[in-house]
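The structure appears below as structure tokens.
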Amino acid sequence: MIAASIAVGGIAAATARFEQSAVRTANAPLDNLESETVERIEAKTALSANVAVLRTADEMTGSLLDILA
């Protein structure tokens, strides 16, 4: 299912963004703290959205299988 693979890619990208932001903050804790906080909030929102897409795709697949059974 294409929606699931897109959502998984989005989850991986959001996780990478969050990790990169955490590394930048660990290396220079007082530099750009505001922008790193915004980056982490955006990454969290992207992660949540992609998880919702994945859940919906799973529910749709389940409904389709129920109809076909």
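Each chain in the structure tokens gets a letter, A, B, ..., in the order shown, and its residues are numbered from 1; ligands are numbered from 1 in order too.
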Taking 3 positions as the minimum chain separation for residues in the same chain, which residues sit within 12 Å of region 31-38 of chain A when counting only C-alpha atoms? Answer as a PDB file with N, CA and C atoms, in the first residue's frame.
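Okay, this is what ended up in result.pdb:
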ATOM      1  N   ARG A  17      15.102  14.291  11.794  1.00  0.00           N
ATOM      2  CA  ARG A  17      15.111  15.727  12.101  1.00  0.00           C
ATOM      3  C   ARG A  17      15.217  15.960  13.602  1.00  0.00           C
ATOM      4  N   PHE A  18      14.459  15.202  14.377  1.00  0.00           N
ATOM      5  CA  PHE A  18      14.483  15.356  15.824  1.00  0.00           C
ATOM      6  C   PHE A  18      15.863  15.004  16.384  1.00  0.00           C
ATOM      7  N   GLU A  19      16.430  13.898  15.915  1.00  0.00           N
ATOM      8  CA  GLU A  19      17.744  13.468  16.397  1.00  0.00           C
ATOM      9  C   GLU A  19      18.830  14.477  16.033  1.00  0.00           C
ATOM     10  N   GLN A  20      18.789  14.995  14.812  1.00  0.00           N
ATOM     11  CA  GLN A  20      19.777  15.990  14.390  1.00  0.00           C
ATOM     12  C   GLN A  20      19.676  17.256  15.235  1.00  0.00           C
ATOM     13  N   SER A  21      18.472  17.668  15.547  1.00  0.00           N
ATOM     14  CA  SER A  21      18.273  18.833  16.396  1.00  0.00           C
ATOM     15  C   SER A  21      18.819  18.585  17.795  1.00  0.00           C
ATOM     16  N   ALA A  22      18.593  17.392  18.320  1.00  0.00           N
ATOM     17  CA  ALA A  22      19.102  17.054  19.649  1.00  0.00           C
ATOM     18  C   ALA A  22      20.628  17.065  19.673  1.00  0.00           C
ATOM     19  N   VAL A  23      21.257  16.570  18.615  1.00  0.00           N
ATOM     20  CA  VAL A  23      22.717  16.572  18.529  1.00  0.00           C
ATOM     21  C   VAL A  23      23.242  18.003  18.471  1.00  0.00           C
ATOM     22  N   ARG A  24      22.597  18.843  17.659  1.00  0.00           N
ATOM     23  CA  ARG A  24      23.039  20.242  17.574  1.00  0.00           C
ATOM     24  C   ARG A  24      22.910  20.930  18.929  1.00  0.00           C
ATOM     25  N   THR A  25      21.836  20.659  19.644  1.00  0.00           N
ATOM     26  CA  THR A  25      21.640  21.263  20.961  1.00  0.00           C
ATOM     27  C   THR A  25      22.666  20.734  21.959  1.00  0.00           C
ATOM     28  N   ALA A  26      22.984  19.454  21.892  1.00  0.00           N
ATOM     29  CA  ALA A  26      23.975  18.883  22.806  1.00  0.00           C
ATOM     30  C   ALA A  26      25.361  19.468  22.556  1.00  0.00           C
ATOM     31  N   ASN A  27      25.678  19.732  21.300  1.00  0.00           N
ATOM     32  CA  ASN A  27      26.989  20.279  20.965  1.00  0.00           C
ATOM     33  C   ASN A  27      27.122  21.748  21.332  1.00  0.00           C
ATOM     34  N   ALA A  28      26.071  22.501  21.225  1.00  0.00           N
ATOM     35  CA  ALA A  28      26.091  23.930  21.545  1.00  0.00           C
ATOM     36  C   ALA A  28      24.773  24.289  22.221  1.00  0.00           C
ATOM     37  N   ILE A  41       9.552  20.743  17.702  1.00  0.00           N
ATOM     38  CA  ILE A  41       8.080  20.775  17.693  1.00  0.00           C
ATOM     39  C   ILE A  41       7.563  20.414  16.302  1.00  0.00           C
ATOM     40  N   GLU A  42       8.200  20.957  15.262  1.00  0.00           N
ATOM     41  CA  GLU A  42       7.799  20.620  13.890  1.00  0.00           C
ATOM     42  C   GLU A  42       8.014  19.139  13.594  1.00  0.00           C
ATOM     43  N   ALA A  43       9.134  18.594  14.062  1.00  0.00           N
ATOM     44  CA  ALA A  43       9.410  17.170  13.853  1.00  0.00           C
ATOM     45  C   ALA A  43       8.373  16.314  14.574  1.00  0.00           C
ATOM     46  N   LYS A  44       8.007  16.711  15.784  1.00  0.00           N
ATOM     47  CA  LYS A  44       6.986  15.965  16.540  1.00  0.00           C
ATOM     48  C   LYS A  44       5.639  16.005  15.821  1.00  0.00           C
ATOM     49  N   THR A  45       5.284  17.169  15.295  1.00  0.00           N
ATOM     50  CA  THR A  45       4.018  17.305  14.570  1.00  0.00           C
ATOM     51  C   THR A  45       4.028  16.449  13.302  1.00  0.00           C
TER      52      THR A  45
END
>> If I take CA of Ala4 (chain A) and CA of Ala57 (chain A), how far is one from the other in Å, to one decimal?
In response: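 Taking CA of Ala4 (chain A) and CA of Ala57 (chain A), their separation equals 6.2 Å.
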> Which residue out of A:Ala52, A:Met60, A:Leu30, A:Leu65 has the minimum interatomic distance to Ile6 (chain A) when only C-alpha atoms are used?
Replying inline: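 Checking each candidate against Ile6 (chain A), we get A:Ala52 as the closest.
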>> I want to know what sits within 12 Å of Ser5 (chain A), based on only C-alpha atoms, with residues of the same chain fewer than 3 positions away left out; could you give that as a list of chain:residue names?
In response: A:Met1, A:Ile2, A:Val8, A:Gly9, A:Gly10, A:Ile11, A:Ala12, A:Asn50, A:Val51, A:Val53, A:Leu54, A:Ala57, A:Asp58
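Across the model, the gap from CA of Glu39 (chain A) to CA of Ala14 (chain A) is 9.9 Å.
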